Structure formats: structure tokens, C-alpha cells
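As C-alpha cells, the structure follows; a few thoughts come after it.
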2 protein chains.
Amino acid sequence: MTALDEFKLIDFIKKHNTKPKKFHNVDLDIGDDCFVYNSSDKNKYVVTTDILIDNIHFRTDWATPEQIGQKAIEVNVSDIASMGTAKPLYAFISVGIPKNTSEKFIKNFFSSVKKTCDKYDIHLSGGDTVGAEALTISVTLIGIAYDKIITRTGAKKGDLIFVSGTFGDSGAGLEIMYNVQCTTYKNPFNFSTFRLLNRHERLLVQRHIVPKARLKLANELTKKSNITSMTDSSDGLFKSVELLAGNKGAVVNMEQIPVSKDLVKYCKNDLNKLYNFALFGGEEFELVFTADKQDYDKIKKFFKNIKCIGKITDNKKIKYLRNNKIRNIKYDGYKHF
Amino acid sequence: MTALDEFKLIDFIKKHNTKPKKFHNVDLDIGDDCFVYNSSDKNKYVVTTDILIDNIHFRTDWATPEQIGQKAIEVNVSDIASMGTAKPLYAFISVGIPKNTSEKFIKNFFSSVKKTCDKYDIHLSGGDTVGAEALTISVTLIGIAYDKIITRTGAKKGDLIFVSGTFGDSGAGLEIMYNVQCTTYKNPFNFSTFRLLNRHERLLVQRHIVPKARLKLANELTKKSNITSMTDSSDGLFKSVELLAGNKGAVVNMEQIPVSKDLVKYCKNDLNKLYNFALFGGEEFELVFTADKQDYDKIKKFFKNIKCIGKITDNKKIKYLRNNKIRNIKYDGYKHF
């Protein structure tokens with residue numbers, strides 16, 4: 001355990017921060033997926049920032065500069081998607097670049113950043129490059145919300161918990177790359193080893209390397225139903241449920257958690273492994289949200305791929321149900337379900 | 001020359017960027033000290049981002065965590081000051097922290113960031129910490145301008161060039177620390193060696209380690225006079241003059257460039273050294289700006305420490321005058337004046 005592991009920046013800031021003044025026009029302070037302020041005409045601006053470093057959030061020996069550039073934007077768009085009605089507008093990117101980096105790498109990286117920005121109508125608005133030991137990418141996105149902001153904390157007792165997409169693929173993809181790295185030490189994971197993988201393994205790796213934000217889906221969901229709280233699953237589904245349950249509580253039906261055929265194939269019959277990936281995998285950018293139970297039919301009608309996995313309770317516990325048995329799960333490494 | 005040295009991010013973005021759409025409400029696109037957008041009520045928001053890395057922009061063995069935290073905010077405030085009427089509102093800070101960093105270091109760093117934010121009424125609004133090889137600090141500041149924006153490109157022929165403060169101290173401070181480092185290799189520059197320095201050397205070091213942004217001065221200047229263009233001297237006075245002269249031209253009276261008594265003392269009679277620090281030192285955050293010559297008396301009356309160092313011409317050249325001789329200077333390392 002290093003000092004950094006124990007240091008919780010957001011808690012530190014929350015505890016020591018000076019209260020915002022009236023002219024700051026703060027709608028939602030630090031601690032959610034985005035910070036929100038408003039202008040005098042009540043336009044709401046949402047802001048998120050993320051830093052990605054080689055060997056931690058991506059690996060330059062495992063991914064192309066195009067994939068790294070795309071991921072840097074997608075993970076930030078995902079934070080803006082989590083606010084429901086918001087759309088990203090401006091991107092600011094600072095990059096620390098190691099000495100031995102080729103010009104081709106740098107150009108391909110920024111071309112991909114630009115292309116990904118274009119996909120979301122984001123205007124690339126500022127940047128800075130400096131020398132660094134390891135490739136370091138810091139992105140700040142500013143977006144605008146034309147309607148109400150969905151926070152992490154709006155869920156009430158009885159609300160249903162919904163998710164978009166499947167869980168665990170990204171974590172499994174990471175494991176696959178590690179395993180290739182370990183078994184072929186002198187020949188690390190790259191595009192020739194990638195070709196040796198099975199089809200389902202390749203798809204899992206792909207989902208880890210190039211995640212996709214659910215911006216359009218989040219915008220449509222909040223237009224067509226009354227979402228009460230929302231976040232993304234960047235730190236894993238387990239963490240997302242914890243955030244939305246807050247000091248209330250939740251019950252999740254593990255059998256309802258959507259998983260891909262590729263993950264099932266990869267985990268074979270090892271259900272422990274499967275649920276570990278699905279709940280704790282992280283680096284996944286699906287929406288996890290709550291809505292009033294009256295909205296269930298509407299959501300199911302308009303959004304075929306949205307699944308209900310549980311509901312909000314008021315007993316201050318987060319319970320996971322499997323085979324009709326209740327389990328209290330706390331994350332402390334690999335879990336047995 | 002590495003690929004990074006040759007790669008000019010801002011030029012790359014300018015060349016390849018998609019034109020902003022109407023809903024982006026861009027007032028001033030990438031390439032100035034800040035990017036500027038407006039809300040529908042015409043509030044103007046200014047944004048700047050900077051990345052600082054250990055051993056490049058600061059040294060953890062030469063400065064305290066408090067000083068590093070302060071500098072990270074001040075250099076960004078300086079960009080906002082350069083826009084004239086703007087005030088910073090929100091800070092977002094992402095920090096990559098090496099494993100062996102103590103909790104005390106992290107806490108002192110963030111306490112100082114918070115204290116510096118408070119000084120400028122900036123609300124600390126977001127952040128992210130991750131592990132890293134070298135201490136890496138990325139700051140994005142969002143501010144608001146209640147009046148017109150001063151860009152780098154508004155100067156016209158005949159405008160006078162003004163500067164705040166003195167030049168060269170920060171560069172000399174850096175040299176002093178390097179020299180201490182080189183002469184006492186096993187005992188690098190730190191607070192015990194700091195005490196061995198002369199008073200004027202200590203003051204020069206101090207100006208390098210903890211620069212101060214000229215926010216209040218910039219706000220007052222733009223209120224009381226018609227500033228036509230402005231930037232800060234973060235890349236050295238020579239570069240600032242080049243930016244403001246643009247495709248017009250300028251003439252600078254070298255004898256008028258303000259230098260501190262401490263720098264004069266440090267350079268002794270070596271005027272080459274003195275002008276090298278003053279023009280190319282960088283890591284200094286004074287205002288460099290132009291105003292109509294009719295504003296000369298007003299500026300001199302209200303701002304005792306503002307000096308006029310030259311004027312804008314239209315002959316596409318930047319000329320430096322010394323002893324009534326004209327010199328065309330281009331920066332390519334150490335210069336002889």
C-alpha cells in the first residue's frame with residue numbers, strides 16, 4: 001500500500017475546499033462524474049478531467065497510437081454521458097511524450113484524437129505537449145446540458161437498477177493480454193500475437209483497448225424516461241451500484257447481469273471467474289442507472305438492450321442474489337461467489 | 001532534435017482541425033493564451049491547460065511540495081491574466097504521483113494548490129490522481145471575462161510595447177541552481193545549500209521557483225486603458241514580442257528592458273549574459289502588451305512599474321536597438337549582443 005493508494009483526492013478536496021461563492025454558480029460540486037456550473041442564462045456546463053499513463057491505463061506495446069488516442073477521448077465522453085442530457089463541446093489535451101517517440105506515432109495519435117472528437121462534434125480547443133518519461137495523456141472535456149442533470153445520488157427506495165451492454169469483457173481482455181505477455185516473455189503482446197488468439201479472445205481484447213462511450217444512448221434515455229441517477233462503469237459494475245445505492249441500499253440479481261457470449265466462452269464453466277470479471281473488471285464504459293419502477297415498461301419498449309438487474313432498497317446494505325441465496329459482497333481482491 | 005521538438009501541436013491542430021460549428025460559440029480558437037467560448041447570454045469563458053513534469057518544469061529535489069503546488073496554479077492564472085479582463089473561476093487538476101511519494105508530500109502539495117486557488121477566488125472543482133514514474137501535474141483553468149477579450153494579435157502599427165516587472169531573474173535563478181547542483185554533485189541543490197547562497201542569488205532562485213501571475217494588474221490595465229494586444233512572458237520576452245508583432249514588425253530599445261538589481265549584481269559586468277537572461281530566460285510570468293500611443297500618459301500615471309520598451313512597426317522585422325545600433329536577432333542558442 002503506497003501513500004497514493006491511501007490518499008483519496010476527492011475526499012481530501014471535499015473536506016478542505018472553500019465553499020464556492022455565489023459568482024461561481026456551482027450546480028454540482030466535485031465528486032460526481034462531472035462538475036457542473038451555470039452561466040447567467042442558466043446554460044449548464046459540465047466538466048470532466050482524466051489522466052492516462054502508459055503501463056497503467058494503456059500500453060504502447062499493446063495498442064496502436066490510434067487506439068490510445070481514441071480511448072483518451074472515449075473515457076472522458078463517458079463521464080459526460082453519465083450526466084444524462086449533456087453533450088461534449090470542447091476538448092483540451094496535454095500530452096507528455098517520451099524522447100524516443102517517432103513523429104509518425106505522435107501524428108497518428110493526434111489524428112485519432114481529432115477523428116474521435118469529430119465523431120462526437122467535439123471541438124479540439126487546446127493542447128500542450130512536453131517531454132516525459134512515459135506517455136502521459138491528460139484530457140479535459142467541457143460539455144453543455146440543455147436539460148436537467150442526472151447525478152449519482154438521485155435514486156430513491158424502490159427505483160429499479162438498469163444497465164446498458166454487457167460486463168466483464170474489458171477485464172477479460174486485459175487478462176488475455178497479460179497471459180500472452182507472460183507466456184511469450186520475449187515476444188510481448190502485439191499484432192502478430194493478436195492474430196494467434198481465438199476470435200472470442202480477440203473481441204474481448206478489442207473491448208479493452210477501444211471502449212465506446214454511450215453518449216447517444218444516455219441522451220435518448222433521459223429524453224424518453226425519468227432516470228433518477230446515473231454513472232458509468234469505469235471502475236466496475238460493483239462500484240457503480242455502490243455509488244448509486246449511496247447510503248440507502250440495493251439488491252442485485254446476479255443472474256440478470258448481462259455478459260457476452262465471448263466472456264462465457266472464455267470463462268468456460270468457471271462462474272467465479274465470470275462474476276469477478278463482470279463485477280470488478282472495470283475499464284468498461286457502460287451506463288448504470290436507476291429509474292422509477294413505473295418507467296420499466298417504457299424503458300423495455302424503447303431500449304431493447306437495457307436490462308434491469310436489481311433495485312434500490314433502504315436497508316443500507318448491498319445484497320447480491322444468486323440461486324436465490326443472498327450474499328453480502330465486499331471487494332477485497334478475487335472473490336468466490 | 002527529437003520528433004517531439006519538431007512537432008508543433010498547435011500548428012498541427014490548426015491545420016487539421018474541423019471548423020467549429022455554430023453551437024460551439026467559439027470567440028477565440030486555439031493558438032492564443034486561452035481558448036474562448038460564449039454562452040447564449042454572451043458570457044465569455046476562457047480556458048487554459050498546462051502540463052508540468054518533474055525535472056522539466058520543476059524539480060522535486062529543488063522545491064518543496066508547497067512551492068510546486070503554487071507554481072502549477074500561478075502559471076495557469078498567468079494565461080488567464082493575459083486575456084485582460086478575465087478572472088479564473090474553476091480549477092481541475094490531474095496528478096501522476098510516483099510510488100515512493102510520502103503522504104505528507106501529497107497533502108502539502110494539495111494544501112498549497114488549494115491555498116493558491118483561494119488567493120484568486122478559484123474554486124477547486126475536479127481532480128484525478130494516478131501512479132506515475134515522475135510527478136506529473138496537469139491543470140485546466142476555466143475563467144470568465146466580463147468585458148472584451150485581449151488577444152495576442154490586436155496590435156497595430158505605431159502601438160507602443162509595454163511590460164510589467166523585470167526580466168531575466170527566473171532564468172538566472174535556474175542557472176544558479178544548476179551550478180550548485182554541478183559543483184556539489186553529491187549534495188544537490190536543496191534548502192541547506194540554498195542558505196549558502198548570497199542574498200541576491202536567493203532572490204533570483206525564489207523568482208524561478210515561485211512565479212506570481214499578474215492577474216490584478218491585467219484586470220486594472222484593461223479597465224483603465226485601451227490595451228490592443230497582450231500575452232505573458234512564459235517563453236521569454238523575445239518570444240512575447242514576436243507573438244505581439246505577428247506579421248507586422250517591432251522595434252525594441254534594449255536599454256529600456258527592466259532588469260532587477262539582483263540580476264545586474266549576478267551578471268556583474270557581463271552584458272551579454274544579462275540580455276540573454278532578460279530576452280530568452282522564460283519561465284517568467286510578466287505581462288507584455290501593446291497600447292495606442294495616446295494611452296502612454298495614462299498608463300504612466302496609473303501604473304508606475306509599467307515600462308515602455310518599444311513599438312510596433314510594419315516592416316515585418318523585429319529589431320533590437322542597443323547603443324543606437326540596430327540588430328536583427330534570431331534565437332539559436334546563446335546570443336552575443
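Residues are named by chain letter and number: chains run A, B, ... in the order of the C-alpha cells, numbers start at 1 in each chain, and ligands are numbered from 1 in the order shown.
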
> Any idea what's packed within 9 Å of segment 16-21 of chain B, counting only C-alpha atoms, ignoring anything in its chain fewer than 2 positions away? Could you give it as a list in words?
Replying inline: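 Residues near the query, excluding close chain neighbours: Ser111, Lys114, Asp118, Asp121, Ile122, His123 and Leu124 of chain A; Asp11, Phe12, Ile13, Lys14, Phe23, His24, Asn25, Val26 and Asp29 of chain B.
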
Least-squares superposed chain A, target chain B, every Cα, as a compact mmCIF listing (two decimals) with C-alpha atoms, in the first residue's frame:
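Saved as part_20.txt:
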```txt
# COMPACT_ATOMS: atom_id res chain seq x y z
CA MET A 1 16.37 17.05 -32.13
CA THR A 2 13.63 14.57 -31.20
CA ALA A 3 10.35 14.09 -33.07
CA LEU A 4 8.65 15.96 -30.23
CA ASP A 5 10.90 19.01 -30.68
CA GLU A 6 9.89 19.21 -34.30
CA PHE A 7 6.23 18.51 -33.74
CA LYS A 8 4.21 21.69 -33.18
CA LEU A 9 0.92 20.59 -31.66
CA ILE A 10 -0.91 23.88 -32.04
CA ASP A 11 0.10 24.17 -35.72
CA PHE A 12 -0.94 20.54 -36.26
CA ILE A 13 -4.35 21.13 -34.68
CA LYS A 14 -4.84 24.43 -36.54
CA LYS A 15 -4.10 22.71 -39.83
CA HIS A 16 -6.19 19.58 -39.34
CA ASN A 17 -8.97 20.76 -37.04
CA THR A 18 -12.58 20.67 -38.15
CA LYS A 19 -14.09 24.17 -38.27
CA PRO A 20 -16.12 24.81 -35.10
CA LYS A 21 -19.89 24.59 -35.63
CA LYS A 22 -22.30 27.40 -34.75
CA PHE A 23 -23.35 25.72 -31.48
CA HIS A 24 -19.75 25.68 -30.32
CA ASN A 25 -19.94 29.50 -29.93
CA VAL A 26 -16.19 29.93 -30.35
CA ASP A 27 -14.98 33.49 -29.75
CA LEU A 28 -11.25 32.78 -29.97
CA ASP A 29 -9.93 29.47 -31.27
CA ILE A 30 -6.82 27.53 -30.28
CA GLY A 31 -3.47 29.34 -30.54
CA ASP A 32 -3.76 32.23 -28.06
CA ASP A 33 -3.06 32.18 -24.30
CA CYS A 34 -6.61 30.90 -23.76
CA PHE A 35 -9.43 29.40 -25.82
CA VAL A 36 -12.65 31.46 -25.54
CA TYR A 37 -16.29 30.40 -25.98
CA ASN A 38 -19.51 32.15 -25.07
CA SER A 39 -22.86 31.15 -23.62
CA SER A 40 -26.10 32.36 -25.16
CA ASP A 41 -26.13 35.36 -22.78
CA LYS A 42 -22.71 36.25 -24.21
CA ASN A 43 -20.79 35.46 -21.04
CA LYS A 44 -17.31 34.67 -22.29
CA TYR A 45 -15.49 31.69 -20.82
CA VAL A 46 -11.71 31.44 -21.15
CA VAL A 47 -9.91 28.11 -20.82
CA THR A 48 -6.24 27.21 -20.49
CA THR A 49 -4.42 23.97 -19.83
CA ASP A 50 -0.81 23.22 -18.91
CA ILE A 51 1.14 20.13 -18.02
CA LEU A 52 4.16 20.27 -15.69
CA ILE A 53 6.57 17.38 -15.22
CA ASP A 54 9.30 16.79 -12.65
CA ASN A 55 12.81 17.52 -13.94
CA ILE A 56 11.41 19.66 -16.76
CA HIS A 57 9.17 22.35 -15.25
CA PHE A 58 10.17 21.94 -11.64
CA ARG A 59 12.41 19.66 -9.59
CA THR A 60 11.13 17.86 -6.53
CA ASP A 61 14.69 17.93 -5.19
CA TRP A 62 14.88 21.72 -5.62
CA ALA A 63 11.45 22.85 -4.50
CA THR A 64 9.03 22.01 -1.70
CA PRO A 65 5.63 20.42 -2.47
CA GLU A 66 4.07 23.74 -1.43
CA GLN A 67 6.14 25.65 -4.00
CA ILE A 68 5.35 23.14 -6.75
CA GLY A 69 1.62 23.31 -6.00
CA GLN A 70 1.70 27.09 -6.04
CA LYS A 71 3.58 27.24 -9.34
CA ALA A 72 1.15 24.81 -11.01
CA ILE A 73 -1.72 27.22 -10.35
CA GLU A 74 0.18 30.50 -10.91
CA VAL A 75 1.36 29.59 -14.43
CA ASN A 76 -2.21 28.85 -15.49
CA VAL A 77 -3.59 32.00 -13.84
CA SER A 78 -0.99 33.89 -15.87
CA ASP A 79 -2.56 32.61 -19.11
CA ILE A 80 -5.95 33.87 -17.94
CA ALA A 81 -4.43 37.22 -16.90
CA SER A 82 -3.13 37.57 -20.47
CA MET A 83 -6.72 37.77 -21.72
CA GLY A 84 -7.07 41.15 -20.00
CA THR A 85 -10.49 41.34 -18.41
CA ALA A 86 -10.78 37.67 -17.42
CA LYS A 87 -10.89 36.16 -13.94
CA PRO A 88 -10.30 32.48 -13.19
CA LEU A 89 -13.24 30.55 -11.68
CA TYR A 90 -12.63 26.79 -11.70
CA ALA A 91 -9.51 24.61 -11.45
CA PHE A 92 -9.24 20.95 -12.48
CA ILE A 93 -6.05 19.17 -11.52
CA SER A 94 -4.79 15.72 -12.51
CA VAL A 95 -1.67 14.45 -10.83
CA GLY A 96 0.54 11.46 -11.59
CA ILE A 97 2.35 10.53 -8.37
CA PRO A 98 5.43 8.25 -8.09
CA LYS A 99 5.21 5.25 -5.76
CA ASN A 100 7.77 6.43 -3.22
CA THR A 101 6.01 9.75 -2.58
CA SER A 102 5.12 10.31 1.07
CA GLU A 103 1.62 11.12 2.22
CA LYS A 104 2.98 14.33 3.73
CA PHE A 105 4.29 15.44 0.34
CA ILE A 106 0.92 14.75 -1.33
CA LYS A 107 -1.04 16.57 1.38
CA ASN A 108 1.28 19.58 1.42
CA PHE A 109 1.13 19.78 -2.35
CA PHE A 110 -2.68 19.78 -2.47
CA SER A 111 -2.97 22.15 0.50
CA SER A 112 -0.81 24.60 -1.40
CA VAL A 113 -2.85 24.14 -4.60
CA LYS A 114 -5.97 24.89 -2.58
CA LYS A 115 -4.40 27.92 -0.85
CA THR A 116 -3.23 29.37 -4.18
CA CYS A 117 -6.70 28.80 -5.65
CA ASP A 118 -8.24 30.64 -2.68
CA LYS A 119 -5.92 33.59 -3.27
CA TYR A 120 -7.52 34.08 -6.70
CA ASP A 121 -11.09 33.04 -5.68
CA ILE A 122 -10.73 29.92 -7.82
CA HIS A 123 -12.98 27.01 -6.87
CA LEU A 124 -11.08 23.70 -6.91
CA SER A 125 -13.60 21.78 -8.99
CA GLY A 126 -12.17 18.48 -10.09
CA GLY A 127 -9.21 16.19 -9.91
CA ASP A 128 -7.70 12.83 -10.50
CA THR A 129 -4.64 11.08 -9.05
CA VAL A 130 -2.82 8.12 -10.58
CA GLY A 131 0.51 6.38 -10.18
CA ALA A 132 3.34 7.65 -12.41
CA GLU A 133 7.09 7.39 -12.87
CA ALA A 134 7.68 11.12 -12.41
CA LEU A 135 5.49 13.68 -10.63
CA THR A 136 3.17 14.98 -13.36
CA ILE A 137 0.72 17.83 -12.87
CA SER A 138 -1.92 18.79 -15.38
CA VAL A 139 -4.07 21.83 -14.63
CA THR A 140 -7.03 23.18 -16.56
CA LEU A 141 -8.45 26.55 -15.53
CA ILE A 142 -11.78 27.96 -16.68
CA GLY A 143 -12.37 31.65 -16.21
CA ILE A 144 -14.88 34.29 -17.21
CA ALA A 145 -14.42 37.60 -18.99
CA TYR A 146 -16.95 40.30 -18.24
CA ASP A 147 -15.62 42.63 -20.89
CA LYS A 148 -13.71 42.43 -24.16
CA ILE A 149 -11.02 39.80 -24.63
CA ILE A 150 -7.46 40.96 -25.32
CA THR A 151 -5.77 38.64 -27.82
CA ARG A 152 -2.17 38.34 -28.95
CA THR A 153 -2.98 39.69 -32.39
CA GLY A 154 -4.66 43.08 -31.94
CA ALA A 155 -1.60 45.36 -32.17
CA LYS A 156 -1.40 47.91 -34.99
CA LYS A 157 1.45 49.97 -36.44
CA GLY A 158 2.57 52.70 -34.07
CA ASP A 159 1.26 51.02 -30.91
CA LEU A 160 3.71 51.11 -28.03
CA ILE A 161 5.04 47.92 -26.38
CA PHE A 162 4.83 47.83 -22.58
CA VAL A 163 5.98 45.34 -19.94
CA SER A 164 5.27 44.73 -16.27
CA GLY A 165 8.08 43.86 -13.84
CA THR A 166 11.64 42.84 -14.61
CA PHE A 167 13.08 40.16 -16.89
CA GLY A 168 15.75 37.50 -16.61
CA ASP A 169 15.53 36.72 -12.90
CA SER A 170 13.88 33.34 -13.36
CA GLY A 171 16.44 32.18 -15.92
CA ALA A 172 19.31 33.31 -13.70
CA GLY A 173 17.70 31.51 -10.74
CA LEU A 174 17.63 28.31 -12.75
CA GLU A 175 21.31 28.70 -13.68
CA ILE A 176 22.24 29.24 -10.03
CA MET A 177 20.51 26.00 -9.02
CA TYR A 178 22.22 24.10 -11.86
CA ASN A 179 25.60 25.44 -10.83
CA VAL A 180 25.08 24.41 -7.21
CA GLN A 181 23.99 21.00 -8.46
CA CYS A 182 27.13 20.64 -10.61
CA THR A 183 29.65 21.85 -8.05
CA THR A 184 28.18 19.79 -5.21
CA TYR A 185 27.15 16.73 -7.17
CA LYS A 186 26.59 14.49 -4.21
CA ASN A 187 24.80 17.21 -2.36
CA PRO A 188 22.22 18.56 -4.83
CA PHE A 189 20.57 21.94 -4.51
CA ASN A 190 18.30 21.95 -1.49
CA PHE A 191 17.49 24.09 1.48
CA SER A 192 20.82 23.69 3.19
CA THR A 193 22.72 24.68 0.03
CA PHE A 194 20.12 27.45 -0.51
CA ARG A 195 21.26 29.01 2.75
CA LEU A 196 24.82 29.18 1.42
CA LEU A 197 23.82 31.47 -1.45
CA ASN A 198 24.17 35.26 -1.42
CA ARG A 199 21.01 37.29 -0.83
CA HIS A 200 20.65 38.38 -4.49
CA GLU A 201 21.15 34.79 -5.65
CA ARG A 202 18.46 33.58 -3.27
CA LEU A 203 16.01 36.16 -4.60
CA LEU A 204 16.68 35.05 -8.19
CA VAL A 205 16.16 31.39 -7.25
CA GLN A 206 12.96 32.35 -5.45
CA ARG A 207 11.61 34.07 -8.55
CA HIS A 208 12.19 30.91 -10.57
CA ILE A 209 10.63 28.55 -8.05
CA VAL A 210 7.55 30.58 -7.17
CA PRO A 211 6.46 32.85 -10.00
CA LYS A 212 3.50 35.16 -9.48
CA ALA A 213 0.77 35.78 -12.06
CA ARG A 214 -0.17 39.40 -12.80
CA LEU A 215 -3.92 38.91 -12.71
CA LYS A 216 -4.96 42.01 -10.74
CA LEU A 217 -2.64 44.21 -12.78
CA ALA A 218 -4.02 42.83 -16.07
CA ASN A 219 -7.59 43.42 -14.91
CA GLU A 220 -6.79 47.02 -13.89
CA LEU A 221 -4.79 47.79 -17.02
CA THR A 222 -7.64 46.76 -19.30
CA LYS A 223 -10.12 48.74 -17.22
CA LYS A 224 -8.11 51.98 -17.34
CA SER A 225 -6.56 51.94 -20.82
CA ASN A 226 -7.05 50.63 -24.32
CA ILE A 227 -4.76 47.63 -24.47
CA THR A 228 -4.63 46.38 -28.07
CA SER A 229 -2.82 43.04 -27.53
CA MET A 230 -1.35 41.10 -24.63
CA THR A 231 0.47 37.89 -23.68
CA ASP A 232 2.65 36.73 -20.80
CA SER A 233 6.40 36.14 -20.96
CA SER A 234 6.28 32.43 -20.09
CA ASP A 235 8.53 31.58 -23.06
CA GLY A 236 10.73 34.65 -22.62
CA LEU A 237 10.38 38.31 -23.58
CA PHE A 238 11.85 37.78 -27.06
CA LYS A 239 9.12 35.25 -27.89
CA SER A 240 6.40 37.52 -26.45
CA VAL A 241 7.46 40.44 -28.65
CA GLU A 242 7.49 38.10 -31.66
CA LEU A 243 3.92 36.99 -30.86
CA LEU A 244 2.59 40.54 -30.51
CA ALA A 245 4.45 41.82 -33.60
CA GLY A 246 2.91 38.97 -35.62
CA ASN A 247 3.33 39.69 -39.33
CA LYS A 248 3.84 43.41 -38.75
CA GLY A 249 7.16 44.16 -37.02
CA ALA A 250 8.59 45.80 -33.92
CA VAL A 251 11.50 47.79 -32.62
CA VAL A 252 12.68 47.28 -29.04
CA ASN A 253 15.09 49.52 -27.11
CA MET A 254 17.19 47.05 -25.19
CA GLU A 255 18.27 49.67 -22.66
CA GLN A 256 14.60 50.12 -21.70
CA ILE A 257 14.06 46.47 -20.76
CA PRO A 258 13.64 46.45 -16.96
CA VAL A 259 16.07 44.22 -15.08
CA SER A 260 16.39 43.74 -11.34
CA LYS A 261 19.33 44.93 -9.26
CA ASP A 262 19.77 41.28 -8.26
CA LEU A 263 20.25 40.23 -11.88
CA VAL A 264 22.69 43.07 -12.54
CA LYS A 265 24.66 42.01 -9.47
CA TYR A 266 24.62 38.36 -10.55
CA CYS A 267 25.77 39.12 -14.13
CA LYS A 268 28.41 41.59 -12.90
CA ASN A 269 29.66 43.40 -16.01
CA ASP A 270 28.69 40.69 -18.48
CA LEU A 271 26.00 42.42 -20.52
CA ASN A 272 25.74 39.52 -22.97
CA LYS A 273 24.75 37.29 -20.10
CA LEU A 274 22.31 39.87 -18.77
CA TYR A 275 20.49 40.29 -22.10
CA ASN A 276 20.42 36.54 -22.69
CA PHE A 277 18.58 36.07 -19.42
CA ALA A 278 16.29 39.05 -19.99
CA LEU A 279 15.26 38.07 -23.54
CA PHE A 280 15.37 34.27 -23.50
CA GLY A 281 15.10 33.29 -19.84
CA GLY A 282 11.46 32.24 -19.88
CA GLU A 283 9.52 30.66 -17.01
CA GLU A 284 8.66 34.23 -16.12
CA PHE A 285 5.11 35.47 -15.99
CA GLU A 286 5.17 39.19 -16.65
CA LEU A 287 2.65 40.89 -18.94
CA VAL A 288 3.85 42.03 -22.35
CA PHE A 289 1.28 44.19 -24.15
CA THR A 290 0.65 46.95 -26.64
CA ALA A 291 -1.46 50.10 -26.43
CA ASP A 292 -2.16 53.09 -28.65
CA LYS A 293 0.50 55.75 -28.16
CA GLN A 294 -2.22 58.18 -26.98
CA ASP A 295 -2.54 55.97 -23.88
CA TYR A 296 1.10 56.46 -22.89
CA ASP A 297 0.46 59.25 -20.35
CA LYS A 298 -2.49 57.44 -18.78
CA ILE A 299 -0.54 54.22 -18.35
CA LYS A 300 2.47 56.01 -16.89
CA LYS A 301 0.21 57.92 -14.48
CA PHE A 302 -1.69 54.92 -13.10
CA PHE A 303 0.95 52.21 -13.31
CA LYS A 304 4.34 53.30 -12.05
CA ASN A 305 6.01 49.96 -12.70
CA ILE A 306 4.89 49.56 -16.30
CA LYS A 307 7.69 50.38 -18.74
CA CYS A 308 7.57 51.13 -22.45
CA ILE A 309 10.25 49.15 -24.29
CA GLY A 310 9.45 49.77 -27.94
CA LYS A 311 6.81 50.01 -30.61
CA ILE A 312 5.04 48.11 -33.35
CA THR A 313 6.19 48.81 -36.93
CA ASP A 314 5.07 47.50 -40.30
CA ASN A 315 8.36 46.41 -41.84
CA LYS A 316 7.97 42.70 -40.95
CA LYS A 317 11.19 42.78 -38.92
CA ILE A 318 11.81 42.71 -35.22
CA LYS A 319 14.69 45.01 -34.48
CA TYR A 320 16.57 45.36 -31.24
CA LEU A 321 18.33 48.71 -30.63
CA ARG A 322 21.36 48.99 -28.39
CA ASN A 323 23.84 51.90 -28.29
CA ASN A 324 21.79 53.32 -31.17
CA LYS A 325 22.74 50.33 -33.30
CA ILE A 326 20.05 48.15 -34.89
CA ARG A 327 20.44 44.39 -34.55
CA ASN A 328 18.28 41.66 -36.07
CA ILE A 329 18.16 38.91 -33.50
CA LYS A 330 17.00 35.35 -34.06
CA TYR A 331 17.15 32.89 -31.22
CA ASP A 332 19.44 29.95 -31.84
CA GLY A 333 21.05 29.35 -28.49
CA TYR A 334 23.34 31.73 -26.58
CA LYS A 335 23.44 35.14 -28.27
CA HIS A 336 26.09 37.82 -28.35
CA PHE A 337 24.69 41.32 -28.16
```

> Which parts of segment 163-300 of chain B does DSSP call alpha helix (DSSP H) when run on the backbone here, written out as a PyMOL selection string?
Replying inline: chain B and resi 169-183+191-196+199-209+215-224+237-245+261-267+271-280+296-300

> Please, which residues of segment 138-333 of chain A, numbered as in this document, come out strand (DSSP E) from DSSP, as a VMD selection string?
Replying inline: chain A and resid 138 to 149 160 to 163 227 to 232 250 to 253 287 to 291 307 to 312 318 to 322 325 to 328
